$ cat entry_32.cif   # mmCIF, C-alpha atoms
data_model
loop_
_atom_site.label_atom_id
_atom_site.label_comp_id
_atom_site.auth_asym_id
_atom_site.auth_seq_id
_atom_site.Cartn_x
_atom_site.Cartn_y
_atom_site.Cartn_z
CA MET D 1 -75.56 86.36 9.92
CA ASN D 2 -71.97 86.23 8.83
CA GLU D 3 -70.39 88.27 6.11
CA GLN D 4 -70.55 85.56 3.46
CA ASN D 5 -74.28 85.07 3.96
CA LYS D 6 -74.77 88.79 3.86
CA ASN D 7 -72.95 89.03 0.54
CA GLN D 8 -75.00 86.17 -0.88
CA SER D 9 -78.25 87.85 0.22
CA ASN D 10 -77.15 91.12 -1.36
CA GLY D 11 -76.31 89.42 -4.67
CA GLU D 12 -72.56 89.92 -4.34
CA THR D 13 -69.97 87.27 -5.35
CA PRO D 14 -68.86 85.42 -2.29
CA LYS D 15 -65.26 85.75 -1.30
CA PRO D 16 -63.21 82.60 -0.57
CA LEU D 17 -62.64 81.75 3.02
CA LYS D 18 -59.14 82.35 4.29
CA GLY D 19 -57.09 79.43 5.66
CA GLY D 20 -53.98 77.14 5.13
CA PRO D 21 -53.40 74.83 2.10
CA VAL D 22 -55.25 71.51 2.05
CA ASN D 23 -52.87 68.38 2.61
CA LYS D 24 -53.13 65.85 -0.20
CA PRO D 25 -52.60 62.10 0.66
CA SER D 26 -49.00 60.83 -0.12
CA SER D 27 -48.29 58.27 -2.89
CA TRP D 28 -47.19 55.69 -0.28
CA LYS D 29 -50.50 55.98 1.56
CA ARG D 30 -52.35 55.78 -1.71
CA LEU D 31 -50.43 52.59 -2.57
CA LEU D 32 -51.21 51.00 0.77
CA SER D 33 -54.84 51.83 0.32
CA LYS D 34 -55.05 49.49 -2.65
CA ARG D 35 -56.59 46.10 -1.85
CA TRP D 36 -54.03 44.04 -3.76
CA VAL D 37 -50.94 45.46 -1.98
CA TYR D 38 -50.96 43.32 1.19
CA PRO D 39 -51.54 39.98 -0.61
CA ALA D 40 -48.74 40.84 -3.03
CA VAL D 41 -46.31 41.66 -0.21
CA TYR D 42 -47.24 38.43 1.57
CA MET D 43 -46.64 36.34 -1.54
CA ALA D 44 -43.28 38.02 -2.16
CA ALA D 45 -42.17 37.30 1.43
CA VAL D 46 -43.22 33.67 1.11
CA ALA D 47 -41.27 33.37 -2.17
CA ILE D 48 -38.11 34.80 -0.60
CA ILE D 49 -38.34 32.44 2.39
CA LEU D 50 -38.86 29.39 0.16
CA THR D 51 -35.89 30.42 -2.01
CA LEU D 52 -33.61 30.70 1.05
CA VAL D 53 -34.74 27.28 2.30
CA TRP D 54 -34.04 25.69 -1.10
CA VAL D 55 -30.57 27.25 -1.31
CA TYR D 56 -29.71 26.00 2.20
CA GLN D 57 -30.91 22.46 1.46
CA ASP D 58 -29.03 22.35 -1.85
CA SER D 59 -25.80 23.46 -0.17
CA SER D 60 -26.19 20.86 2.57
CA GLN D 61 -26.82 18.08 0.04
CA LYS D 62 -23.72 19.05 -1.96
CA ALA D 63 -21.63 19.00 1.19
CA LEU D 64 -22.84 15.50 2.02
CA ASN D 65 -22.27 14.22 -1.49
CA SER D 66 -19.01 16.03 -2.20
CA ASP D 67 -16.18 13.89 -3.62
CA PRO D 68 -17.64 10.40 -2.99
CA THR D 69 -14.51 8.87 -4.53
CA THR D 70 -12.34 10.36 -1.83
CA VAL D 71 -14.69 9.11 0.88
CA SER D 72 -14.68 5.60 -0.61
CA GLU D 73 -10.90 5.58 -0.90
CA SER D 74 -10.58 6.74 2.70
CA LEU D 75 -12.88 3.98 3.94
CA ALA D 76 -11.09 1.41 1.80
CA SER D 77 -7.75 2.56 3.19
CA LYS D 78 -9.00 2.15 6.76
CA ASP D 79 -10.38 -1.30 5.99
CA THR D 80 -7.06 -2.28 4.43
CA GLU D 81 -5.11 -1.08 7.46
CA VAL D 82 -7.37 -3.00 9.81
CA GLY D 83 -7.08 -6.10 7.66
CA ILE D 84 -3.29 -5.97 7.64
CA ASN D 85 -3.12 -5.45 11.39
CA LYS D 86 -5.36 -8.48 11.94
CA LEU D 87 -3.57 -10.96 9.68
CA ASP D 88 -3.54 -14.39 11.26
CA PRO D 89 -0.82 -17.04 10.76
CA ASP D 90 -2.77 -18.64 7.90
CA ALA D 91 -2.82 -15.33 6.02
CA LEU D 92 0.91 -14.87 6.61
CA GLU D 93 1.49 -18.35 5.21
CA VAL D 94 -0.39 -17.39 2.05
CA ILE D 95 1.84 -14.34 1.67
CA ALA D 96 4.93 -16.52 2.15
CA LYS D 97 3.71 -18.87 -0.56
CA ALA D 98 3.46 -15.93 -2.90
CA GLU D 99 7.23 -15.33 -2.63
CA THR D 100 9.48 -16.58 -5.38
CA ILE D 101 12.90 -17.91 -4.51
CA ALA D 102 15.74 -15.41 -4.78
CA TRP D 103 19.49 -15.72 -5.14
CA PRO D 104 21.06 -16.12 -1.68
CA VAL D 105 23.32 -13.10 -2.21
CA SER D 106 23.00 -9.32 -2.34
CA ASN D 107 23.76 -9.09 -6.04
CA ALA D 108 23.51 -12.20 -8.20
CA LYS D 109 25.65 -10.60 -10.91
CA GLU D 110 28.62 -10.43 -8.54
CA VAL D 111 28.83 -14.21 -8.10
CA ASN D 112 29.36 -17.16 -10.42
CA VAL D 113 28.27 -20.78 -10.22
CA VAL D 114 31.62 -22.43 -9.55
CA LYS D 115 30.11 -25.91 -9.24
CA PRO D 116 26.65 -26.91 -10.54
CA PHE D 117 24.03 -29.21 -9.08
CA TYR D 118 24.43 -32.85 -10.10
CA ASP D 119 21.41 -33.71 -12.25
CA PRO D 120 20.92 -37.48 -12.70
CA LYS D 121 19.22 -36.72 -16.03
CA GLY D 122 21.85 -34.19 -17.03
CA SER D 123 24.51 -34.37 -19.70
CA ASP D 124 27.89 -36.00 -19.34
CA GLU D 125 29.39 -32.55 -19.05
CA ASN D 126 27.11 -31.77 -16.11
CA HIS D 127 28.00 -35.04 -14.43
CA GLN D 128 31.66 -34.30 -14.75
CA GLU D 129 31.47 -30.68 -13.52
CA ALA D 130 29.15 -31.58 -10.63
CA MET D 131 31.46 -34.14 -8.99
CA VAL D 132 33.11 -33.14 -5.71
CA GLN D 133 36.46 -34.67 -4.84
CA TYR D 134 37.44 -35.04 -1.21
CA LYS D 135 40.83 -36.67 -0.89
CA ASP D 136 40.45 -39.89 -2.87
CA THR D 137 36.66 -39.89 -2.82
CA PHE D 138 34.21 -38.46 -5.42
CA VAL D 139 30.65 -37.54 -4.49
CA THR D 140 27.89 -35.79 -6.42
CA ASN D 141 27.22 -32.14 -5.69
CA THR D 142 23.90 -31.69 -3.91
CA GLY D 143 23.52 -27.96 -4.51
CA LEU D 144 24.93 -24.90 -6.22
CA ASP D 145 28.28 -23.45 -5.18
CA LEU D 146 28.52 -19.67 -5.61
CA ALA D 147 31.67 -17.55 -5.37
CA ARG D 148 33.04 -14.18 -6.41
CA GLU D 149 35.60 -14.06 -9.16
CA ASP D 150 38.03 -12.20 -6.86
CA ASP D 151 37.55 -14.83 -4.09
CA LYS D 152 36.40 -12.19 -1.58
CA PRO D 153 33.87 -13.09 1.14
CA PHE D 154 30.29 -11.85 0.63
CA GLU D 155 27.05 -11.75 2.55
CA VAL D 156 24.73 -14.75 2.32
CA LYS D 157 21.01 -13.89 2.23
CA ALA D 158 17.84 -15.85 2.97
CA ALA D 159 16.38 -16.99 -0.35
CA LEU D 160 12.86 -17.10 1.14
CA SER D 161 11.17 -16.01 4.35
CA GLY D 162 10.98 -18.74 6.97
CA LYS D 163 12.15 -20.13 10.29
CA VAL D 164 15.70 -21.14 11.13
CA THR D 165 15.53 -24.85 11.95
CA ARG D 166 19.22 -25.74 12.08
CA VAL D 167 22.44 -23.92 12.98
CA GLU D 168 25.53 -26.06 13.39
CA LYS D 169 29.21 -26.35 12.66
CA HIS D 170 30.01 -29.32 10.44
CA PRO D 171 33.59 -30.70 10.31
CA LEU D 172 33.56 -30.97 6.51
CA MET D 173 30.88 -28.45 5.37
CA GLY D 174 31.77 -25.60 7.73
CA ASN D 175 28.97 -23.65 9.43
CA VAL D 176 25.52 -24.73 8.24
CA VAL D 177 22.18 -22.88 8.41
CA GLU D 178 18.84 -24.44 7.46
CA VAL D 179 15.67 -22.39 6.95
CA THR D 180 12.25 -24.02 6.67
CA HIS D 181 9.61 -22.25 4.56
CA ALA D 182 5.94 -22.65 3.65
CA SER D 183 4.81 -25.48 1.34
CA ASN D 184 7.39 -27.89 2.82
CA LEU D 185 10.35 -26.10 1.27
CA LYS D 186 13.76 -25.94 2.91
CA THR D 187 16.91 -24.07 1.97
CA VAL D 188 20.34 -25.00 3.30
CA TYR D 189 23.44 -22.76 3.35
CA GLN D 190 26.89 -24.30 3.95
CA SER D 191 30.51 -23.17 4.08
CA LEU D 192 29.63 -20.14 6.21
CA THR D 193 31.43 -17.89 8.66
CA ASP D 194 30.16 -15.18 10.98
CA THR D 195 26.65 -16.63 11.32
CA LYS D 196 23.99 -13.93 11.99
CA VAL D 197 20.95 -16.02 12.94
CA LYS D 198 19.91 -18.31 15.79
CA LEU D 199 17.88 -21.49 15.99
CA GLY D 200 14.13 -20.77 15.97
CA GLU D 201 14.54 -17.25 14.60
CA GLU D 202 12.12 -15.97 11.94
CA VAL D 203 13.88 -14.45 8.94
CA THR D 204 12.54 -12.52 5.98
CA GLN D 205 13.60 -12.96 2.38
CA GLY D 206 16.84 -11.09 1.75
CA ALA D 207 17.90 -11.00 5.41
CA THR D 208 21.61 -11.58 6.02
CA ILE D 209 22.16 -14.96 7.64
CA ALA D 210 25.96 -15.30 7.43
CA THR D 211 29.12 -14.59 5.43
CA ALA D 212 30.45 -16.89 2.74
CA GLY D 213 33.58 -18.78 3.81
CA ARG D 214 35.58 -21.95 3.26
CA SER D 215 34.93 -25.61 3.95
CA GLU D 216 37.08 -28.70 4.26
CA MET D 217 34.94 -30.60 1.78
CA GLU D 218 35.33 -28.07 -1.04
CA SER D 219 38.52 -26.31 -0.07
CA SER D 220 39.50 -25.79 -3.73
CA LEU D 221 36.54 -23.40 -4.21
CA GLY D 222 37.87 -20.78 -1.79
CA ASN D 223 35.32 -18.40 -0.27
CA HIS D 224 31.91 -19.60 -1.41
CA VAL D 225 28.43 -20.63 -0.28
CA HIS D 226 27.00 -24.06 -0.93
CA PHE D 227 23.23 -23.63 -1.51
CA GLU D 228 20.69 -26.48 -1.42
CA VAL D 229 16.90 -26.58 -1.90
CA TYR D 230 14.59 -29.35 -0.66
CA ASP D 231 10.96 -29.90 -1.63
CA ASN D 232 9.28 -32.31 0.79
CA ASP D 233 12.80 -33.40 1.84
CA VAL D 234 13.73 -34.23 -1.77
CA LEU D 235 16.70 -32.42 -3.30
CA VAL D 236 15.86 -30.22 -6.29
CA ASN D 237 18.09 -28.26 -8.63
CA PRO D 238 18.23 -24.65 -7.35
CA ALA D 239 19.11 -23.43 -10.84
CA GLU D 240 15.64 -24.43 -12.03
CA LEU D 241 14.02 -22.23 -9.39
CA LEU D 242 16.24 -19.16 -9.28
CA PRO D 243 15.45 -16.16 -11.52
CA VAL D 244 17.65 -15.35 -14.48
CA LYS D 245 20.42 -12.93 -13.59
#

$ encode --input "entry_32.cif" --output "structure tokens"
Amino acid sequence: MNEQNKNQSNGETPKPLKGGPVNKPSSWKRLLSKRWVYPAVYMAAVAIILTLVWVYQDSSQKALNSDPTTVSESLASKDTEVGINKLDPDALEVIAKAETIAWPVSNAKEVNVVKPFYDPKGSDENHQEAMVQYKDTFVTNTGLDLAREDDKPFEVKAALSGKVTRVEKHPLMGNVVEVTHASNLKTVYQSLTDTKVKLGEEVTQGATIATAGRSEMESSLGNHVHFEVYDNDVLVNPAELLPVK
């Protein structure tokens, strides 16, 4: 019988057994021992994953939909460029029709009308000013004559875009250039020197076609350009078509 049993049989108070301290379970182990811990951790993990997925999808959607105006403008710009590069002759003709006639000089304010167009319905004053005398003969003026006040030569410009359909040297009118345009319009430039264009050449509005010079028919006008406009081969008054200076 051991000592403890002996003490108990003799009526003595038993002495505690000797040994090391008893290890109590940690708080972490106690927490994990709870039944609700694992379901809670699982739900939290699922919530975090769903949140990350939502954030990623939202960012992707914003990237796709960012600045739709810029995207539309970019596409429109590309479409416009393609359209311009593929213009056919009919489209170019429409653009030409959209042009308005311009003065056949670099700066309209630097020239004066030294002889007006003869208008059959015009005033007596117009009829008198628009007569051209060549030796003992008087003829009506079929266009506008433009000259600088200082009588200096100046560049003659194409009043409209078109095709050069006549280049010749006339004994009375000097060098002559004719340009045919859309809508059966023609412009004629006379009393020229130093011609810059050739027959069949395409010219744009404002392109230099020659330099103003002198002619035998209107020698009294000095350096000038005689400018005519035809609509379906019928003479019209250029002054009624040209913009105000």

$ resolve_selection --input "entry_32.cif" --expression "the PyMOL selection byres ((chain D and resi 130) around 8)" --output "PyMOL selection string"
chain D and resi 115-118+126-129+131-132+140-141

$ atom_distance --input "entry_32.cif" --atom1 "atom CA of D:Leu235" --atom2 "atom CA of D:Leu199"
22.2 Å

$ atom_distance --input "entry_32.cif" --atom1 "atom CA of D:Asp119" --atom2 "atom CA of D:Pro238"
10.8 Å

$ resolve_selection --input "entry_32.cif" --expression "the PyMOL selection byres ((chain D and resi 211) around 6)" --output "PyMOL selection string"
chain D and resi 154-156+192-194+210+212

$ write_last_selection --input "entry_32.cif" --atoms "C-alpha atoms" --output "PDB file, keeping the file's coordinate frame"
ATOM      1  CA  PHE D 154      30.290 -11.850   0.630  1.00  0.00           C
ATOM      2  CA  GLU D 155      27.050 -11.750   2.550  1.00  0.00           C
ATOM      3  CA  VAL D 156      24.730 -14.750   2.320  1.00  0.00           C
ATOM      4  CA  LEU D 192      29.630 -20.140   6.210  1.00  0.00           C
ATOM      5  CA  THR D 193      31.430 -17.890   8.660  1.00  0.00           C
ATOM      6  CA  ASP D 194      30.160 -15.180  10.980  1.00  0.00           C
ATOM      7  CA  ALA D 210      25.960 -15.300   7.430  1.00  0.00           C
ATOM      8  CA  ALA D 212      30.450 -16.890   2.740  1.00  0.00           C
TER       9      ALA D 212
END

$ axis_aligned_box --input "entry_32.cif" --around "stretch 219-238 of chain D" --padding-each-side "8 Å" --output "lines of an AutoDock Vina configuration file"
center_x = 24.4
center_y = -26.3
center_z = -3.4
size_x = 46.2
size_y = 31.8
size_z = 26.5

$ atom_distance --input "entry_32.cif" --atom1 "atom CA of D:Glu168" --atom2 "atom CA of D:Glu240"
27.3 Å

$ resolve_selection --input "entry_32.cif" --expression "the PyMOL selection byres ((chain D and resi 208) around 9)" --output "list in words"
Pro104, Val105, Ser106, Glu155, Val156, Lys157, Ala158, Thr195, Lys196, Val197, Val203, Gln205, Gly206, Ala207, Ile209, Ala210 and Thr211 of chain D

$ closest_residue --input "entry_32.cif" --among "D:Ser219, D:Val113, D:Lys245, D:Lys198" --to "D:Leu146" --atoms "all atoms listed in the file"
D:Val113

$ closest_residue --input "entry_32.cif" --among "D:Asp151, D:Glu125, D:Glu110, D:Glu178" --to "D:Leu221" --atoms "all atoms listed in the file"
D:Asp151

$ closest_residue --input "entry_32.cif" --among "D:Gly222, D:Glu149, D:Thr142, D:Phe227" --to "D:Val177" --atoms "all atoms listed in the file"
D:Phe227

$ residues_around --input "entry_32.cif" --residues "D:Tyr134" --least-positions-apart "3" --cutoff "8 Å" --atoms "only C-alpha atoms" --output "PDB file with C-alpha atoms, keeping the file's coordinate frame"
ATOM      1  CA  THR D 137      36.660 -39.890  -2.820  1.00  0.00           C
ATOM      2  CA  PHE D 138      34.210 -38.460  -5.420  1.00  0.00           C
ATOM      3  CA  VAL D 139      30.650 -37.540  -4.490  1.00  0.00           C
ATOM      4  CA  MET D 217      34.940 -30.600   1.780  1.00  0.00           C
ATOM      5  CA  GLU D 218      35.330 -28.070  -1.040  1.00  0.00           C
TER       6      GLU D 218
END

$ closest_residue --input "entry_32.cif" --among "D:Ser161, D:Ser215, D:Thr204, D:Asn107" --to "D:Gly174" --atoms "only C-alpha atoms"
D:Ser215

$ closest_atom_pairs --input "entry_32.cif" --of "stretch 192-245 of chain D" --to "stretch 179-186 of chain D" --cutoff "6 Å" --atoms "all atoms listed in the file" --output "JSON lines"
{"residue": "D:Val229", "atom": "CA", "partner": "D:Lys186", "partner_atom": "CA", "distance": 5.8}
{"residue": "D:Tyr230", "atom": "CA", "partner": "D:Lys186", "partner_atom": "CA", "distance": 5.0}
{"residue": "D:Asp231", "atom": "CA", "partner": "D:Leu185", "partner_atom": "CA", "distance": 4.8}
{"residue": "D:Asn232", "atom": "CA", "partner": "D:Asn184", "partner_atom": "CA", "distance": 5.2}
